[in-house]
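Structure record follows, encoded as structure tokens.
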Protein chains: 2
Amino acid sequence: MRHKSLNDTGCPIARSLEHVGEWWSILILRDAFTGASRFDDFQTNLGIAPNMLTRRLKTLVESGLLEKRRYSDKPARYEYVLTNKGREFRPVLWALIAWGNEHFAPEGESIMVIDAVTGERAEPVLVDRRTGRLLQAPEFRIAAGPAASERMRRRHAPFNERKPGAQS
Amino acid sequence: MRHKSLNDTGCPIARSLEHVGEWWSILILRDAFTGASRFDDFQTNLGIAPNMLTRRLKTLVESGLLEKRRYSDKPARYEYVLTNKGREFRPVLWALIAWGNEHFAPEGESIMVIDAVTGERAEPVLVDRRTGRLLQAPEFRIAAGPAASERMRRRHAPFNERKPGAQS
DNA sequence: CACTATCACTTGCATAATGATAGTCACAGA
DNA sequence: TCTGTGACTATCATTATGCAAGTGATAGTG
């Protein structure tokens, strides 16, 4: 996307994608969650070209998802560790894993979420934190929030009028 | 990404990204969830160029996330509706909304998930469907599944050995 | 019947991003 | 001195993106 600003209508999805919208960024985060932290870790794991890795790490650091830390002085060596913001991306990643396992893993699951102690499989679902109710349509839907632009507000009615069966 | 196969280690995240890994694809799905279905809907909502829209819709249909349906014969007119596979992408989208709202919405939330009946705000969190336990580290972690390749299996031990504090 | 509008797209082309290959630099150990 | 590791840059070809403009089929209006 050349002109990100054109799409910045305040939508949190578009905003998020400005930071993690590229292939490699998400794959890098995935590896960071499994403990990768050094340039070479990412490079060998991902098979990414070094220049690409440099570029992606740079944007992730700028976005505040990774922090670049010098872990050695004599030979200057760096590591990239998840910030709090980066760590909180985990639910998205795990939801993506669940979806991918469900729909794009014909030969079975190659990775899955498990209980770290018992090793029992977990099945990730999205619920409301307070009530614990399953977050699904049509019980729940998207609505304009307090900071919604006029455009946003309009977007969340016209479709419902034209198509009563609108999802979300 | 030029050579998807190079990255297809069976990882469900990489697999998912092959289908929805581009900016526009996710934004199109977002709009599909709010009821958009026709070419023009997407175009005016997103401000996307028509050729780009054609390309993205094509890949989404090929991936089985959208279905192209002719809704008019006399003038041939089409609509794009979410398939089941597409609809089940909703948790990822909502997790992304929650994350974006949390970290990239300094001026407040422009959209949010609400109870469709009461209008009350929901706070999306990921839990285990069976036990209802919050899916977070270190209680839960990623592990190699039954269909994991040798490479995958190795990936989920070496890091834990080198860095005990590895985030799942 | 000419004229305009709607919808769902193509085509062509300039610009930008991606990715492969090769090279750099600072040190460390043998 | 020679080899090796870690973390990169530089260069350049290939691809993808995105803008502008055009197309074709039909429908409605004066």
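A note on labels: chains of the structure tokens are A, B, ... as shown, every chain counts residues from 1, and ligands are counted from 1 in their shown order.
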Over every C-alpha pair, in sequence order, do a least-squares fit of chain A onto chain B and save the fitted chain as a compact mmCIF listing (two decimals) with N, CA and C atoms, in the first residue's frame.
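Listed below is the output, part.txt:
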```txt
# COMPACT_ATOMS: atom_id res chain seq x y z
N MET A 1 5.56 -11.77 -1.24
CA MET A 1 6.37 -12.99 -1.19
C MET A 1 6.32 -13.71 -2.52
N ARG A 2 7.45 -13.90 -3.09
CA ARG A 2 7.48 -14.49 -4.42
C ARG A 2 7.25 -16.00 -4.36
N HIS A 3 8.01 -16.65 -3.53
CA HIS A 3 7.93 -18.11 -3.49
C HIS A 3 7.29 -18.59 -2.21
N LYS A 4 5.99 -18.70 -2.27
CA LYS A 4 5.27 -19.11 -1.08
C LYS A 4 5.72 -20.48 -0.61
N SER A 5 5.98 -21.35 -1.55
CA SER A 5 6.34 -22.72 -1.18
C SER A 5 7.55 -22.78 -0.26
N LEU A 6 8.45 -21.84 -0.44
CA LEU A 6 9.64 -21.83 0.41
C LEU A 6 9.27 -21.71 1.87
N ASN A 7 8.17 -21.05 2.11
CA ASN A 7 7.79 -20.83 3.49
C ASN A 7 6.75 -21.82 3.98
N ASP A 8 6.35 -22.70 3.12
CA ASP A 8 5.33 -23.61 3.55
C ASP A 8 5.96 -24.78 4.30
N THR A 9 6.18 -24.54 5.56
CA THR A 9 6.72 -25.59 6.42
C THR A 9 5.57 -26.29 7.13
N GLY A 10 4.35 -25.96 6.70
CA GLY A 10 3.20 -26.54 7.34
C GLY A 10 2.63 -25.64 8.42
N CYS A 11 3.33 -24.58 8.72
CA CYS A 11 2.87 -23.67 9.76
C CYS A 11 1.54 -23.05 9.38
N PRO A 12 0.54 -23.18 10.25
CA PRO A 12 -0.78 -22.66 9.92
C PRO A 12 -0.81 -21.15 9.78
N ILE A 13 0.12 -20.47 10.41
CA ILE A 13 0.18 -19.02 10.26
C ILE A 13 0.62 -18.68 8.85
N ALA A 14 1.69 -19.31 8.41
CA ALA A 14 2.17 -19.08 7.05
C ALA A 14 1.10 -19.47 6.04
N ARG A 15 0.46 -20.59 6.29
CA ARG A 15 -0.60 -21.04 5.40
C ARG A 15 -1.74 -20.02 5.32
N SER A 16 -2.13 -19.52 6.46
CA SER A 16 -3.19 -18.53 6.49
C SER A 16 -2.78 -17.29 5.71
N LEU A 17 -1.55 -16.89 5.92
CA LEU A 17 -1.08 -15.67 5.26
C LEU A 17 -1.04 -15.80 3.75
N GLU A 18 -0.93 -17.03 3.28
CA GLU A 18 -0.96 -17.22 1.83
C GLU A 18 -2.31 -16.79 1.25
N HIS A 19 -3.32 -16.82 2.09
CA HIS A 19 -4.66 -16.50 1.61
C HIS A 19 -5.13 -15.09 1.99
N VAL A 20 -4.73 -14.64 3.15
CA VAL A 20 -5.19 -13.33 3.59
C VAL A 20 -4.02 -12.42 3.95
N GLY A 21 -2.84 -12.75 3.43
CA GLY A 21 -1.64 -12.03 3.86
C GLY A 21 -1.50 -10.63 3.31
N GLU A 22 -2.38 -10.22 2.44
CA GLU A 22 -2.22 -8.88 1.90
C GLU A 22 -3.22 -7.89 2.49
N TRP A 23 -2.70 -6.74 2.75
CA TRP A 23 -3.49 -5.58 3.13
C TRP A 23 -4.94 -5.64 2.70
N TRP A 24 -5.13 -5.56 1.41
CA TRP A 24 -6.49 -5.41 0.89
C TRP A 24 -7.38 -6.59 1.20
N SER A 25 -6.82 -7.78 1.19
CA SER A 25 -7.64 -8.96 1.44
C SER A 25 -8.35 -8.85 2.78
N ILE A 26 -7.63 -8.47 3.79
CA ILE A 26 -8.23 -8.37 5.11
C ILE A 26 -9.23 -7.23 5.18
N LEU A 27 -8.91 -6.13 4.53
CA LEU A 27 -9.83 -5.00 4.52
C LEU A 27 -11.11 -5.35 3.76
N ILE A 28 -10.97 -6.13 2.71
CA ILE A 28 -12.14 -6.57 1.96
C ILE A 28 -13.00 -7.47 2.84
N LEU A 29 -12.38 -8.37 3.55
CA LEU A 29 -13.13 -9.25 4.44
C LEU A 29 -13.83 -8.42 5.52
N ARG A 30 -13.11 -7.45 6.04
CA ARG A 30 -13.71 -6.58 7.05
C ARG A 30 -15.01 -5.99 6.52
N ASP A 31 -14.97 -5.48 5.30
CA ASP A 31 -16.16 -4.87 4.72
C ASP A 31 -17.23 -5.90 4.41
N ALA A 32 -16.79 -7.09 4.01
CA ALA A 32 -17.76 -8.14 3.73
C ALA A 32 -18.54 -8.46 5.00
N PHE A 33 -17.86 -8.42 6.13
CA PHE A 33 -18.54 -8.70 7.40
C PHE A 33 -19.56 -7.63 7.77
N THR A 34 -19.33 -6.43 7.30
CA THR A 34 -20.30 -5.38 7.61
C THR A 34 -21.37 -5.28 6.53
N GLY A 35 -21.40 -6.24 5.62
CA GLY A 35 -22.49 -6.30 4.68
C GLY A 35 -22.17 -5.93 3.24
N ALA A 36 -20.98 -5.46 2.99
CA ALA A 36 -20.60 -5.14 1.62
C ALA A 36 -20.55 -6.43 0.81
N SER A 37 -21.03 -6.36 -0.41
CA SER A 37 -21.00 -7.57 -1.21
C SER A 37 -20.76 -7.29 -2.69
N ARG A 38 -21.04 -6.07 -3.12
CA ARG A 38 -20.88 -5.81 -4.54
C ARG A 38 -19.59 -5.07 -4.84
N PHE A 39 -19.14 -5.25 -6.06
CA PHE A 39 -17.89 -4.64 -6.50
C PHE A 39 -17.83 -3.17 -6.11
N ASP A 40 -18.89 -2.48 -6.38
CA ASP A 40 -18.90 -1.05 -6.08
C ASP A 40 -18.89 -0.74 -4.59
N ASP A 41 -19.51 -1.59 -3.81
CA ASP A 41 -19.46 -1.41 -2.36
C ASP A 41 -18.01 -1.33 -1.91
N PHE A 42 -17.27 -2.37 -2.28
CA PHE A 42 -15.89 -2.45 -1.85
C PHE A 42 -15.08 -1.29 -2.39
N GLN A 43 -15.34 -0.96 -3.64
CA GLN A 43 -14.53 0.08 -4.25
C GLN A 43 -14.71 1.43 -3.57
N THR A 44 -15.95 1.78 -3.33
CA THR A 44 -16.17 3.09 -2.72
C THR A 44 -15.77 3.09 -1.25
N ASN A 45 -16.02 1.98 -0.57
CA ASN A 45 -15.64 1.92 0.84
C ASN A 45 -14.14 2.02 1.02
N LEU A 46 -13.42 1.26 0.23
CA LEU A 46 -11.98 1.12 0.44
C LEU A 46 -11.16 2.16 -0.31
N GLY A 47 -11.74 2.74 -1.35
CA GLY A 47 -10.94 3.64 -2.17
C GLY A 47 -9.85 2.89 -2.90
N ILE A 48 -10.12 1.64 -3.20
CA ILE A 48 -9.15 0.80 -3.90
C ILE A 48 -9.33 0.94 -5.40
N ALA A 49 -8.25 0.84 -6.13
CA ALA A 49 -8.34 0.90 -7.59
C ALA A 49 -9.05 -0.36 -8.09
N PRO A 50 -9.85 -0.20 -9.15
CA PRO A 50 -10.65 -1.33 -9.63
C PRO A 50 -9.83 -2.55 -10.04
N ASN A 51 -8.69 -2.32 -10.62
CA ASN A 51 -7.89 -3.48 -11.01
C ASN A 51 -7.38 -4.25 -9.79
N MET A 52 -6.99 -3.50 -8.76
CA MET A 52 -6.56 -4.14 -7.52
C MET A 52 -7.70 -4.93 -6.91
N LEU A 53 -8.86 -4.32 -6.92
CA LEU A 53 -10.02 -4.99 -6.32
C LEU A 53 -10.32 -6.29 -7.06
N THR A 54 -10.26 -6.22 -8.38
CA THR A 54 -10.48 -7.44 -9.16
C THR A 54 -9.50 -8.53 -8.76
N ARG A 55 -8.22 -8.14 -8.65
CA ARG A 55 -7.20 -9.12 -8.30
C ARG A 55 -7.44 -9.73 -6.93
N ARG A 56 -7.75 -8.89 -5.97
CA ARG A 56 -7.92 -9.38 -4.59
C ARG A 56 -9.16 -10.25 -4.46
N LEU A 57 -10.25 -9.80 -5.09
CA LEU A 57 -11.47 -10.60 -5.04
C LEU A 57 -11.21 -11.97 -5.65
N LYS A 58 -10.45 -11.96 -6.73
CA LYS A 58 -10.14 -13.22 -7.40
C LYS A 58 -9.42 -14.18 -6.45
N THR A 59 -8.40 -13.70 -5.77
CA THR A 59 -7.67 -14.60 -4.87
C THR A 59 -8.53 -15.03 -3.69
N LEU A 60 -9.37 -14.14 -3.22
CA LEU A 60 -10.23 -14.51 -2.10
C LEU A 60 -11.24 -15.58 -2.52
N VAL A 61 -11.72 -15.46 -3.75
CA VAL A 61 -12.65 -16.47 -4.26
C VAL A 61 -11.90 -17.80 -4.44
N GLU A 62 -10.70 -17.72 -5.01
CA GLU A 62 -9.90 -18.93 -5.21
C GLU A 62 -9.57 -19.61 -3.88
N SER A 63 -9.36 -18.79 -2.87
CA SER A 63 -9.04 -19.35 -1.55
C SER A 63 -10.27 -19.89 -0.84
N GLY A 64 -11.42 -19.62 -1.44
CA GLY A 64 -12.64 -20.16 -0.84
C GLY A 64 -13.18 -19.33 0.32
N LEU A 65 -12.76 -18.07 0.42
CA LEU A 65 -13.26 -17.23 1.50
C LEU A 65 -14.48 -16.44 1.06
N LEU A 66 -14.55 -16.17 -0.23
CA LEU A 66 -15.71 -15.49 -0.78
C LEU A 66 -16.27 -16.35 -1.91
N GLU A 67 -17.57 -16.18 -2.14
CA GLU A 67 -18.19 -16.88 -3.25
C GLU A 67 -18.76 -15.83 -4.20
N LYS A 68 -18.47 -16.02 -5.48
CA LYS A 68 -18.97 -15.08 -6.47
C LYS A 68 -20.31 -15.58 -6.99
N ARG A 69 -21.32 -14.75 -6.81
CA ARG A 69 -22.66 -15.17 -7.22
C ARG A 69 -23.28 -14.16 -8.16
N ARG A 70 -23.93 -14.68 -9.17
CA ARG A 70 -24.63 -13.80 -10.10
C ARG A 70 -26.01 -13.51 -9.52
N TYR A 71 -26.26 -12.24 -9.28
CA TYR A 71 -27.55 -11.93 -8.68
C TYR A 71 -28.50 -11.29 -9.68
N SER A 72 -28.03 -11.13 -10.90
CA SER A 72 -28.87 -10.58 -11.96
C SER A 72 -28.41 -11.15 -13.29
N ASP A 73 -29.35 -11.50 -14.13
CA ASP A 73 -28.99 -12.12 -15.39
C ASP A 73 -29.03 -11.17 -16.56
N LYS A 74 -30.13 -10.43 -16.68
CA LYS A 74 -30.33 -9.57 -17.83
C LYS A 74 -29.11 -8.67 -18.01
N PRO A 75 -28.83 -7.78 -17.06
CA PRO A 75 -27.45 -7.27 -17.06
C PRO A 75 -26.70 -8.15 -16.08
N ALA A 76 -25.67 -8.80 -16.52
CA ALA A 76 -24.92 -9.71 -15.65
C ALA A 76 -24.33 -8.94 -14.48
N ARG A 77 -24.79 -9.26 -13.30
CA ARG A 77 -24.30 -8.58 -12.10
C ARG A 77 -23.91 -9.61 -11.06
N TYR A 78 -22.83 -9.30 -10.37
CA TYR A 78 -22.31 -10.28 -9.41
C TYR A 78 -22.20 -9.70 -8.00
N GLU A 79 -22.20 -10.62 -7.05
CA GLU A 79 -21.93 -10.20 -5.67
C GLU A 79 -20.99 -11.22 -5.05
N TYR A 80 -20.27 -10.76 -4.05
CA TYR A 80 -19.29 -11.60 -3.38
C TYR A 80 -19.73 -11.78 -1.94
N VAL A 81 -20.04 -13.02 -1.59
CA VAL A 81 -20.51 -13.26 -0.22
C VAL A 81 -19.56 -14.21 0.51
N LEU A 82 -19.49 -14.01 1.79
CA LEU A 82 -18.61 -14.82 2.63
C LEU A 82 -19.03 -16.28 2.62
N THR A 83 -18.09 -17.16 2.47
CA THR A 83 -18.35 -18.59 2.64
C THR A 83 -18.22 -18.89 4.12
N ASN A 84 -18.41 -20.15 4.45
CA ASN A 84 -18.25 -20.55 5.84
C ASN A 84 -16.81 -20.29 6.30
N LYS A 85 -15.87 -20.66 5.45
CA LYS A 85 -14.46 -20.46 5.75
C LYS A 85 -14.17 -18.98 5.99
N GLY A 86 -14.78 -18.16 5.17
CA GLY A 86 -14.59 -16.72 5.33
C GLY A 86 -15.21 -16.20 6.61
N ARG A 87 -16.38 -16.71 6.93
CA ARG A 87 -17.07 -16.25 8.14
C ARG A 87 -16.30 -16.62 9.39
N GLU A 88 -15.61 -17.74 9.33
CA GLU A 88 -14.87 -18.18 10.51
C GLU A 88 -13.57 -17.41 10.71
N PHE A 89 -13.33 -16.48 9.82
CA PHE A 89 -12.17 -15.60 10.00
C PHE A 89 -12.49 -14.50 11.01
N ARG A 90 -13.76 -14.39 11.35
CA ARG A 90 -14.20 -13.32 12.23
C ARG A 90 -13.39 -13.19 13.53
N PRO A 91 -13.12 -14.28 14.24
CA PRO A 91 -12.36 -14.13 15.48
C PRO A 91 -11.01 -13.45 15.27
N VAL A 92 -10.37 -13.75 14.15
CA VAL A 92 -9.08 -13.12 13.89
C VAL A 92 -9.27 -11.62 13.73
N LEU A 93 -10.30 -11.27 12.98
CA LEU A 93 -10.59 -9.87 12.74
C LEU A 93 -10.92 -9.15 14.05
N TRP A 94 -11.70 -9.78 14.87
CA TRP A 94 -12.09 -9.14 16.12
C TRP A 94 -10.93 -9.06 17.11
N ALA A 95 -10.06 -10.06 17.07
CA ALA A 95 -8.86 -10.00 17.92
C ALA A 95 -7.98 -8.84 17.45
N LEU A 96 -7.95 -8.66 16.13
CA LEU A 96 -7.16 -7.57 15.55
C LEU A 96 -7.75 -6.22 15.95
N ILE A 97 -9.06 -6.14 15.97
CA ILE A 97 -9.73 -4.91 16.38
C ILE A 97 -9.38 -4.59 17.83
N ALA A 98 -9.45 -5.61 18.68
CA ALA A 98 -9.14 -5.40 20.09
C ALA A 98 -7.71 -4.91 20.26
N TRP A 99 -6.81 -5.51 19.54
CA TRP A 99 -5.40 -5.15 19.64
C TRP A 99 -5.17 -3.73 19.11
N GLY A 100 -5.77 -3.45 17.97
CA GLY A 100 -5.63 -2.12 17.39
C GLY A 100 -6.22 -1.04 18.29
N ASN A 101 -7.36 -1.32 18.86
CA ASN A 101 -7.98 -0.36 19.77
C ASN A 101 -7.08 -0.10 20.98
N GLU A 102 -6.49 -1.15 21.45
CA GLU A 102 -5.64 -1.05 22.64
C GLU A 102 -4.38 -0.23 22.37
N HIS A 103 -3.80 -0.42 21.19
CA HIS A 103 -2.46 0.13 20.98
C HIS A 103 -2.32 1.20 19.92
N PHE A 104 -3.31 1.31 19.04
CA PHE A 104 -3.15 2.28 17.96
C PHE A 104 -4.35 3.20 17.82
N ALA A 105 -5.04 3.45 18.91
CA ALA A 105 -6.20 4.34 18.85
C ALA A 105 -6.10 5.39 19.96
N PRO A 106 -5.11 6.28 19.85
CA PRO A 106 -4.88 7.27 20.90
C PRO A 106 -6.10 8.15 21.16
N GLU A 107 -6.89 8.38 20.12
CA GLU A 107 -8.03 9.28 20.27
C GLU A 107 -9.31 8.54 20.68
N GLY A 108 -9.18 7.26 20.99
CA GLY A 108 -10.35 6.49 21.40
C GLY A 108 -10.76 5.48 20.34
N GLU A 109 -11.76 4.70 20.66
CA GLU A 109 -12.16 3.63 19.76
C GLU A 109 -13.14 4.12 18.72
N SER A 110 -12.86 3.78 17.47
CA SER A 110 -13.78 4.20 16.42
C SER A 110 -14.76 3.08 16.08
N ILE A 111 -14.34 1.85 16.28
CA ILE A 111 -15.32 0.77 16.20
C ILE A 111 -15.07 -0.20 17.34
N MET A 112 -16.08 -0.92 17.71
CA MET A 112 -15.93 -1.86 18.81
C MET A 112 -16.98 -2.96 18.68
N VAL A 113 -16.77 -4.01 19.43
CA VAL A 113 -17.70 -5.14 19.42
C VAL A 113 -18.73 -4.91 20.52
N ILE A 114 -19.99 -5.03 20.14
CA ILE A 114 -21.05 -4.83 21.14
C ILE A 114 -22.07 -5.97 21.10
N ASP A 115 -22.79 -6.10 22.17
CA ASP A 115 -23.92 -7.01 22.23
C ASP A 115 -24.99 -6.46 21.30
N ALA A 116 -25.42 -7.28 20.36
CA ALA A 116 -26.35 -6.80 19.34
C ALA A 116 -27.71 -6.42 19.91
N VAL A 117 -28.04 -6.96 21.06
CA VAL A 117 -29.34 -6.67 21.66
C VAL A 117 -29.25 -5.50 22.64
N THR A 118 -28.37 -5.63 23.60
CA THR A 118 -28.27 -4.60 24.64
C THR A 118 -27.38 -3.43 24.24
N GLY A 119 -26.50 -3.66 23.28
CA GLY A 119 -25.58 -2.60 22.88
C GLY A 119 -24.39 -2.46 23.81
N GLU A 120 -24.30 -3.34 24.77
CA GLU A 120 -23.19 -3.27 25.73
C GLU A 120 -21.88 -3.69 25.08
N ARG A 121 -20.83 -2.98 25.44
CA ARG A 121 -19.51 -3.28 24.91
C ARG A 121 -19.00 -4.65 25.32
N ALA A 122 -18.35 -5.33 24.41
CA ALA A 122 -17.71 -6.59 24.74
C ALA A 122 -16.20 -6.39 24.68
N GLU A 123 -15.51 -7.13 25.52
CA GLU A 123 -14.05 -7.07 25.49
C GLU A 123 -13.53 -8.44 25.07
N PRO A 124 -13.07 -8.55 23.80
CA PRO A 124 -12.69 -9.85 23.27
C PRO A 124 -11.42 -10.40 23.93
N VAL A 125 -11.52 -11.60 24.45
CA VAL A 125 -10.34 -12.31 24.93
C VAL A 125 -10.40 -13.75 24.43
N LEU A 126 -9.22 -14.34 24.31
CA LEU A 126 -9.14 -15.70 23.81
C LEU A 126 -9.11 -16.68 24.99
N VAL A 127 -9.98 -17.67 24.93
CA VAL A 127 -10.00 -18.68 25.99
C VAL A 127 -10.06 -20.08 25.37
N ASP A 128 -9.84 -21.06 26.20
CA ASP A 128 -10.01 -22.44 25.75
C ASP A 128 -11.50 -22.76 25.78
N ARG A 129 -12.00 -23.27 24.66
CA ARG A 129 -13.44 -23.50 24.56
C ARG A 129 -13.98 -24.40 25.67
N ARG A 130 -13.26 -25.45 25.97
CA ARG A 130 -13.76 -26.44 26.92
C ARG A 130 -13.73 -25.94 28.36
N THR A 131 -12.57 -25.45 28.77
CA THR A 131 -12.41 -25.05 30.17
C THR A 131 -12.72 -23.58 30.43
N GLY A 132 -12.70 -22.77 29.38
CA GLY A 132 -12.93 -21.35 29.56
C GLY A 132 -11.74 -20.59 30.13
N ARG A 133 -10.63 -21.28 30.26
CA ARG A 133 -9.44 -20.63 30.83
C ARG A 133 -8.83 -19.66 29.83
N LEU A 134 -8.34 -18.54 30.33
CA LEU A 134 -7.70 -17.53 29.51
C LEU A 134 -6.48 -18.11 28.81
N LEU A 135 -6.41 -17.94 27.51
CA LEU A 135 -5.26 -18.46 26.77
C LEU A 135 -4.13 -17.45 26.78
N GLN A 136 -3.22 -17.62 27.71
CA GLN A 136 -2.08 -16.72 27.78
C GLN A 136 -0.85 -17.49 28.23
N ALA A 137 0.31 -16.86 28.01
CA ALA A 137 1.55 -17.45 28.49
C ALA A 137 1.71 -17.06 29.95
N PRO A 138 2.36 -17.86 30.76
CA PRO A 138 3.01 -19.13 30.40
C PRO A 138 2.12 -20.34 30.64
N GLU A 139 0.85 -20.10 30.99
CA GLU A 139 -0.03 -21.25 31.23
C GLU A 139 -0.22 -22.09 29.97
N PHE A 140 -0.25 -21.40 28.83
CA PHE A 140 -0.40 -22.11 27.57
C PHE A 140 0.77 -21.77 26.66
N ARG A 141 1.06 -22.67 25.77
CA ARG A 141 2.13 -22.41 24.82
C ARG A 141 1.88 -23.17 23.52
N ILE A 142 2.73 -22.87 22.54
CA ILE A 142 2.64 -23.55 21.26
C ILE A 142 3.47 -24.82 21.31
N ALA A 143 2.96 -25.86 20.73
CA ALA A 143 3.72 -27.10 20.65
C ALA A 143 3.53 -27.74 19.28
N ALA A 144 4.44 -28.60 18.91
CA ALA A 144 4.33 -29.32 17.65
C ALA A 144 3.14 -30.26 17.73
N GLY A 145 2.39 -30.31 16.65
CA GLY A 145 1.21 -31.18 16.61
C GLY A 145 1.51 -32.48 15.90
N PRO A 146 0.49 -33.31 15.73
CA PRO A 146 0.69 -34.62 15.12
C PRO A 146 1.27 -34.57 13.71
N ALA A 147 0.90 -33.53 12.95
CA ALA A 147 1.38 -33.47 11.56
C ALA A 147 2.64 -32.63 11.42
N ALA A 148 3.29 -32.34 12.52
CA ALA A 148 4.48 -31.49 12.47
C ALA A 148 5.62 -32.16 11.71
N SER A 149 6.29 -31.36 10.89
CA SER A 149 7.46 -31.87 10.19
C SER A 149 8.62 -31.97 11.20
N GLU A 150 9.65 -32.63 10.77
CA GLU A 150 10.83 -32.77 11.64
C GLU A 150 11.35 -31.38 12.01
N ARG A 151 11.36 -30.51 11.01
CA ARG A 151 11.85 -29.15 11.20
C ARG A 151 11.02 -28.41 12.27
N MET A 152 9.72 -28.61 12.18
CA MET A 152 8.80 -27.99 13.14
C MET A 152 9.10 -28.49 14.55
N ARG A 153 9.29 -29.78 14.63
CA ARG A 153 9.53 -30.39 15.93
C ARG A 153 10.80 -29.82 16.56
N ARG A 154 11.80 -29.66 15.73
CA ARG A 154 13.06 -29.11 16.23
C ARG A 154 12.88 -27.67 16.67
N ARG A 155 12.06 -26.96 15.94
CA ARG A 155 11.85 -25.54 16.23
C ARG A 155 11.23 -25.30 17.60
N HIS A 156 10.61 -26.31 18.13
CA HIS A 156 9.92 -26.08 19.40
C HIS A 156 10.60 -26.72 20.58
N ALA A 157 11.92 -26.68 20.53
CA ALA A 157 12.70 -27.13 21.67
C ALA A 157 13.99 -26.32 21.77
N PRO A 158 14.74 -26.21 20.68
CA PRO A 158 16.04 -25.51 20.75
C PRO A 158 15.95 -24.16 21.43
N PHE A 159 14.93 -23.39 21.09
CA PHE A 159 14.84 -22.05 21.68
C PHE A 159 14.57 -22.14 23.17
N ASN A 160 13.74 -23.04 23.54
CA ASN A 160 13.42 -23.16 24.96
C ASN A 160 14.65 -23.57 25.76
N GLU A 161 15.52 -24.31 25.10
CA GLU A 161 16.74 -24.68 25.79
C GLU A 161 17.67 -23.49 25.94
N ARG A 162 17.85 -22.80 24.82
CA ARG A 162 18.78 -21.68 24.88
C ARG A 162 18.27 -20.54 25.74
N LYS A 163 16.96 -20.27 25.62
CA LYS A 163 16.39 -19.16 26.37
C LYS A 163 15.19 -19.65 27.16
N PRO A 164 15.41 -19.89 28.42
CA PRO A 164 14.32 -20.42 29.23
C PRO A 164 13.12 -19.47 29.27
N GLY A 165 13.35 -18.20 29.06
CA GLY A 165 12.25 -17.24 29.15
C GLY A 165 11.46 -17.09 27.88
N ALA A 166 11.62 -18.02 26.97
CA ALA A 166 10.93 -17.91 25.69
C ALA A 166 9.42 -17.77 25.87
N GLN A 167 8.83 -16.88 25.10
CA GLN A 167 7.39 -16.65 25.13
C GLN A 167 6.70 -17.71 24.30
N SER A 168 5.45 -17.83 24.58
CA SER A 168 4.64 -18.78 23.82
C SER A 168 5.00 -20.22 24.10
```
- Pull the helix (DSSP H, G or I) assignments for chain A out of DSSP run on the backbone, and list those residues as a ChimeraX atom specification. /A:4-7,12-20,23-33,39-46,50-62,84-87,90-103,150-155,158-162
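Proximity to stretch 20-30 of chain C at 10 Å, evaluated using only C-alpha atoms (C1' of nucleotides) and with sequence-adjacent residues fewer than 6 positions away removed, yields Ala49, Lys74, Pro75 and Ala76 of chain A; DC2, DT3, DG4, DT5, DG6, DA7, DC8, DT9, DA10, DT11, DC12, DA13 and DT14 of chain D.
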Near chain B, 7 Å: chain D residue rows, closest pairs, only C-alpha atoms (C1' of nucleotides), as CSV:
```
residue,atom,partner,partner_atom,distance
D:DG18,C1',B:Ala49,CA,6.7
D:DA25,C1',B:Pro75,CA,6.2
D:DT26,C1',B:Pro75,CA,5.3
```
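Here atom C1' of C:DT4 and atom C1' of D:DA20 stand 21.8 Å from one another.
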